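Read the structure below first, then the notes.
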Amino acid sequence: MRSNYLFTSESVSEGHPDKVADQISDAIVDLFLSKDPEARIACETLTTTQLVVLAGEIRCKGVYEDGAWAPGAQEEIERTVRETVKAIGYEQDGFHWQTFRFENNLHGQSAHIAQGVDASGNKDEGAGDQGIMFGFACDETPDLMPATLYYSHKILERMAADRHSGAAAFLEPDTKSQVTLRFEDGKPVAATAIVVSTQHGKGYDEGTKEAELKAYVKKVVADVLPAELLSDQTVYHINPTGSFEIGGPDGDAGLTGRKIIVDTYGGAAPHGGGAFSGKDPTKVDRSAAYVTRYLAKNIVAAGLARRCTIQLAYAIGVSEPLSLYVDTHGTGTVADDRIEAAIQGIKELGGLTPRGIRTHLGLNKPIYRRTAAYGHFGRKAEGDYFPWERTDLVDKLKAALA
């Protein structure tokens with residue numbers, strides 16, 4: 001590993017068109033799981049000027065069975081979509097929660113996929129698809145996340161809170177951030193560049209209003225980043241194109257699953273390639289990515305390593321993972337193969353099968369819309385939400401590796 005370098009991560013706000021699509025898809029996941037904890041959902045969303053389209057496959061008791069919608073189901077789906085967009089804050093001519101056109105093209109799940117995933121006879125429930133999933137943790141921040149992504153998210157979360165509260169009423173929903181940090185001896189020591197591009201109200205691209213917007217962004221950055229990372233040498237690029245009045249789905253089409261690096265580790269760790277949003281937890285793209293983060297975070301929290309990457313691999317219809325790989329990047333206090341063995345010995349994980357993961361983490365619940373903006377990882381585990389951020393395996397790992 002290099003010890004001295006520059007590294008950059010970006011984040012996008014809840015109003016970014018791809019994130020609008022992610023939140024709609026996960027709102028649909030939550031809706032169906034609230035009706036049927038064993039529902040199967042693969043919901044993709046397209047957003048563009050005054051249009052939202054849903055597509056994908058579902059199976060849900062009481063909502064869609066035997067090729068037919070239950071009475072009122074489609075109306076509830078549309079209402080859920082519109083309420084999601086309203087909560088984000090879109091009331092613009094080019095994209096308004098009340099007036100956009102809506103298409104629902106969801107249909108029944110393929111019977112051939114279902115037969116591979118469903119448990120039957122002596123066959124345990126299989127993975128919903130093949131693939132590889134990665135989890136990561138490091139000691140750069142209190143939440144054990146890469147610092148560049150952590151601060152990129154925090155900038156946008158603060159701006160969104162100010163927009164919703166009215167403290168920064170000139171902000172509109174679509175915003176992006178980017179943070180570049182200099183690392184020495186593997187630790188962040190300085191912010192060399194901050195990029196923020198935010199949609200804004202009329203007139204905030206010139207004169208005193210533009211100066212007000214830029215001063216506001218710099219104040220947010222100063223509040224979010226540790227003071228020791230900022231200096232007169234930090235370069236700011238705030239709305240570098242000039243005007244940003246047209247944004248969101250009116251400015252650019254959005255699709256579910258196009259911000260997978262923002263959703264995970266900001267490029268600081270590998271990504272298996274599968275998106276999360278719109279998928280029920282039988283899809284290991286989602287559930288196995290969550291459990292690998294859970295394991296990596298507990299390893300770092302236990303002091304067994306400063307950095308940890310974990311990979312799992314699955315085959316569709318097969319319950320047991322094909323492989324488990326642990327890499328502590330030379331920072332581990334014990335050998336990586338011993339950590340692998342310790343993980344495999346934790347009975348509560350259910351052998352890392354899809355059912356075992358979902359049972360241990362409690363994933364068959366409507367907990368996903370909150371994940372669809374500002375990252376799936378590095379969040380606070382509260383009640384049923386973000387259970388993969390708990391550090392309740394620390395003692396078990398320490399005991400197994402003592």
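Following the order of the structure tokens, first chain is A, next is B, and so on, with residues numbered from 1 inside each chain and ligands from 1 in the order they appear.
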
Neighbour list for Val29 in chain A as a list of chain:residue names, cut-off 9 Å, only C-alpha atoms, skip fewer than 6 positions in-chain: A:Ala39, A:Arg40, A:Ile41, A:Ala42, A:Cys43, A:Ser277, A:Gly278, A:Lys279, A:Asp280, A:Pro366, A:Ile367, A:Tyr368, A:Arg369

In range 142-303 of chain A, DSSP helix (DSSP H, G or I) residues written as a PyMOL selection string: chain A and resi 147-165+207-224+227-229+248-251+260-263+284-301

Please produce an output containing C-alpha atoms for each residue in the selection, written as a short mmCIF file (atom, residue, chain, number, x, y, z; two decimals), in the first residue's frame.
data_model
loop_
_atom_site.label_atom_id
_atom_site.label_comp_id
_atom_site.auth_asym_id
_atom_site.auth_seq_id
_atom_site.Cartn_x
_atom_site.Cartn_y
_atom_site.Cartn_z
CA ALA A 147 -12.73 9.75 4.87
CA THR A 148 -13.14 11.18 1.36
CA LEU A 149 -16.59 9.60 0.94
CA TYR A 150 -17.62 10.19 4.55
CA TYR A 151 -17.12 13.95 4.27
CA SER A 152 -18.62 14.12 0.78
CA HIS A 153 -21.82 12.59 2.19
CA LYS A 154 -21.82 14.84 5.26
CA ILE A 155 -21.61 18.02 3.17
CA LEU A 156 -24.70 17.05 1.20
CA GLU A 157 -26.63 15.82 4.22
CA ARG A 158 -26.12 19.21 5.92
CA MET A 159 -27.18 21.10 2.78
CA ALA A 160 -30.30 18.94 2.41
CA ALA A 161 -31.24 19.51 6.05
CA ASP A 162 -30.88 23.28 5.59
CA ARG A 163 -32.96 23.16 2.39
CA HIS A 164 -35.77 21.22 4.06
CA SER A 165 -35.77 23.44 7.17
CA GLY A 207 -23.74 39.18 -7.97
CA THR A 208 -24.38 39.24 -4.26
CA LYS A 209 -26.66 36.19 -4.38
CA GLU A 210 -23.92 34.10 -5.96
CA ALA A 211 -21.52 35.32 -3.27
CA GLU A 212 -24.08 34.36 -0.62
CA LEU A 213 -24.40 30.83 -2.04
CA LYS A 214 -20.63 30.33 -2.17
CA ALA A 215 -20.15 31.67 1.35
CA TYR A 216 -22.87 29.32 2.57
CA VAL A 217 -21.19 26.27 0.98
CA LYS A 218 -17.82 27.17 2.49
CA LYS A 219 -19.48 27.51 5.90
CA VAL A 220 -21.03 24.04 5.53
CA VAL A 221 -17.64 22.59 4.61
CA ALA A 222 -16.03 24.28 7.61
CA ASP A 223 -18.72 22.87 9.90
CA VAL A 224 -18.46 19.33 8.51
CA ALA A 227 -10.60 22.14 11.16
CA GLU A 228 -7.16 20.60 10.87
CA LEU A 229 -7.94 19.36 7.34
CA GLY A 248 -32.93 16.77 -11.29
CA PRO A 249 -34.82 14.57 -13.77
CA ASP A 250 -35.61 17.66 -15.86
CA GLY A 251 -31.91 18.29 -16.41
CA ILE A 260 -23.02 2.18 -6.92
CA ILE A 261 -19.67 3.72 -5.93
CA VAL A 262 -21.42 6.56 -4.10
CA ASP A 263 -23.58 3.91 -2.41
CA VAL A 284 -27.30 -11.33 -2.66
CA ASP A 285 -26.24 -8.21 -4.56
CA ARG A 286 -27.85 -6.49 -1.61
CA SER A 287 -27.82 -8.83 1.40
CA ALA A 288 -24.32 -10.23 0.91
CA ALA A 289 -22.89 -6.75 0.34
CA TYR A 290 -24.47 -5.77 3.64
CA VAL A 291 -23.07 -8.75 5.54
CA THR A 292 -19.56 -8.24 4.13
CA ARG A 293 -19.63 -4.63 5.37
CA TYR A 294 -20.90 -5.93 8.72
CA LEU A 295 -18.03 -8.39 8.99
CA ALA A 296 -15.35 -5.95 7.82
CA LYS A 297 -16.58 -3.28 10.24
CA ASN A 298 -16.54 -5.68 13.17
CA ILE A 299 -13.02 -6.81 12.30
CA VAL A 300 -11.73 -3.23 12.32
CA ALA A 301 -13.79 -2.32 15.40
#

Close residues, Gln23 in chain A itself excluded, 12 Å, only C-alpha atoms, min 2 positions apart in chain, as a PyMOL selection string: chain A and resi 13-21+25-30+43-47+80-88+254-257+259+276-279+367-375

Atom-to-atom span, CA of Asp36 in chain A and CA of Ala313 in chain A, Å: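 Calculated distance between CA of Asp36 in chain A and CA of Ala313 in chain A is 27.6 Å.
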
Close residues, Gly67 in chain A itself excluded, 12 Å, only C-alpha atoms, min 5 positions apart in chain, as a list in words: Glu57, Ile58, Arg59, Cys60, Lys61, Gly62, Leu106, His107, Gly108, Gln109, Ser110 and Ala111 of chain A

Neighbour list for Met145 in chain A as an MDAnalysis selection string, cut-off 10 Å, only C-alpha atoms, skip fewer than 2 positions in-chain: chainID A and resid 136:143 147:151 264:266 268 297 307 377:379

Would you output that residue set with N, CA and C atoms, as a compact mmCIF listing (two decimals), in the first residue's frame?
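What landed in selection.txt:
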# COMPACT_ATOMS: atom_id res chain seq x y z
N PHE A 136 -16.15 -3.50 3.13
CA PHE A 136 -14.92 -2.80 3.46
C PHE A 136 -15.12 -1.99 4.73
N ALA A 137 -14.05 -1.81 5.47
CA ALA A 137 -14.02 -0.88 6.61
C ALA A 137 -12.58 -0.43 6.81
N CYS A 138 -12.42 0.77 7.35
CA CYS A 138 -11.09 1.30 7.67
C CYS A 138 -11.24 2.25 8.84
N ASP A 139 -10.13 2.62 9.44
CA ASP A 139 -10.17 3.43 10.67
C ASP A 139 -9.99 4.92 10.41
N GLU A 140 -10.34 5.39 9.21
CA GLU A 140 -10.14 6.80 8.88
C GLU A 140 -11.17 7.73 9.52
N THR A 141 -12.35 7.21 9.88
CA THR A 141 -13.41 8.02 10.47
C THR A 141 -14.05 7.26 11.62
N PRO A 142 -14.82 7.92 12.47
CA PRO A 142 -15.48 7.22 13.59
C PRO A 142 -16.41 6.11 13.13
N ASP A 143 -17.02 6.26 11.95
CA ASP A 143 -17.92 5.23 11.43
C ASP A 143 -17.19 4.18 10.60
N ALA A 147 -12.48 8.36 4.49
CA ALA A 147 -12.73 9.75 4.87
C ALA A 147 -13.24 10.59 3.71
N THR A 148 -12.72 10.35 2.50
CA THR A 148 -13.14 11.18 1.36
C THR A 148 -14.63 11.03 1.09
N LEU A 149 -15.16 9.81 1.16
CA LEU A 149 -16.59 9.60 0.94
C LEU A 149 -17.40 10.08 2.13
N TYR A 150 -16.92 9.81 3.33
CA TYR A 150 -17.62 10.19 4.55
C TYR A 150 -17.92 11.69 4.55
N TYR A 151 -16.91 12.51 4.25
CA TYR A 151 -17.12 13.95 4.27
C TYR A 151 -17.92 14.43 3.06
N THR A 264 -21.42 2.87 -1.89
CA THR A 264 -20.58 1.94 -1.13
C THR A 264 -19.37 2.65 -0.51
N TYR A 265 -18.22 2.66 -1.17
CA TYR A 265 -16.99 3.11 -0.51
C TYR A 265 -16.23 4.19 -1.28
N GLY A 266 -16.88 4.84 -2.21
CA GLY A 266 -16.27 5.98 -2.89
C GLY A 266 -15.05 5.64 -3.70
N ALA A 268 -12.72 3.52 -2.76
CA ALA A 268 -11.62 3.09 -1.90
C ALA A 268 -11.53 1.58 -1.76
N LYS A 297 -16.51 -4.30 9.19
CA LYS A 297 -16.58 -3.28 10.24
C LYS A 297 -16.27 -3.87 11.60
N ARG A 307 -7.55 -1.81 8.21
CA ARG A 307 -8.31 -1.84 6.96
C ARG A 307 -8.69 -3.28 6.68
N PHE A 377 -23.65 2.64 3.76
CA PHE A 377 -22.72 2.27 4.83
C PHE A 377 -22.23 3.52 5.57
N GLY A 378 -21.75 3.30 6.79
CA GLY A 378 -21.33 4.43 7.61
C GLY A 378 -22.50 5.15 8.24
N ARG A 379 -23.66 4.52 8.28
CA ARG A 379 -24.87 5.12 8.87
C ARG A 379 -25.05 4.60 10.29

Residues of range 133-278 of chain A in strand (DSSP E or B), written as a PyMOL selection string: chain A and resi 133-138+171-184+187-200+235-238+254-255

Range 317-331 of chain A environment, 7 Å, only C-alpha atoms, sequence neighbours closer than 6 positions dropped, as number ranges by chain: A: 116-117, 124-128, 305-311, 340, 351-354

Output C-alpha atoms for every residue in that selection, as a PDB file, in the first residue's frame.
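Heads up, here's the output in result06.pdb:
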ATOM      1  CA  GLY A 116     -34.052 -21.754  -7.954  1.00  0.00           C
ATOM      2  CA  VAL A 117     -34.510 -19.365  -5.058  1.00  0.00           C
ATOM      3  CA  ASP A 124     -32.543 -24.606   1.327  1.00  0.00           C
ATOM      4  CA  GLU A 125     -33.374 -21.238  -0.149  1.00  0.00           C
ATOM      5  CA  GLY A 126     -30.894 -20.361  -2.892  1.00  0.00           C
ATOM      6  CA  ALA A 127     -29.226 -17.089  -3.822  1.00  0.00           C
ATOM      7  CA  GLY A 128     -31.339 -14.832  -6.024  1.00  0.00           C
ATOM      8  CA  ALA A 305      -6.953  -4.668  11.442  1.00  0.00           C
ATOM      9  CA  ARG A 306      -6.912  -1.003  10.393  1.00  0.00           C
ATOM     10  CA  ARG A 307      -8.314  -1.837   6.962  1.00  0.00           C
ATOM     11  CA  CYS A 308     -10.298  -4.847   5.816  1.00  0.00           C
ATOM     12  CA  THR A 309     -11.815  -5.989   2.531  1.00  0.00           C
ATOM     13  CA  ILE A 310     -14.067  -9.055   2.363  1.00  0.00           C
ATOM     14  CA  GLN A 311     -15.420 -10.833  -0.727  1.00  0.00           C
ATOM     15  CA  GLU A 340     -11.702 -16.340   7.526  1.00  0.00           C
ATOM     16  CA  GLY A 351     -23.195 -20.241   7.126  1.00  0.00           C
ATOM     17  CA  LEU A 352     -23.583 -16.949   5.217  1.00  0.00           C
ATOM     18  CA  THR A 353     -26.462 -18.423   3.222  1.00  0.00           C
ATOM     19  CA  PRO A 354     -29.051 -15.934   1.953  1.00  0.00           C
TER      20      PRO A 354
END
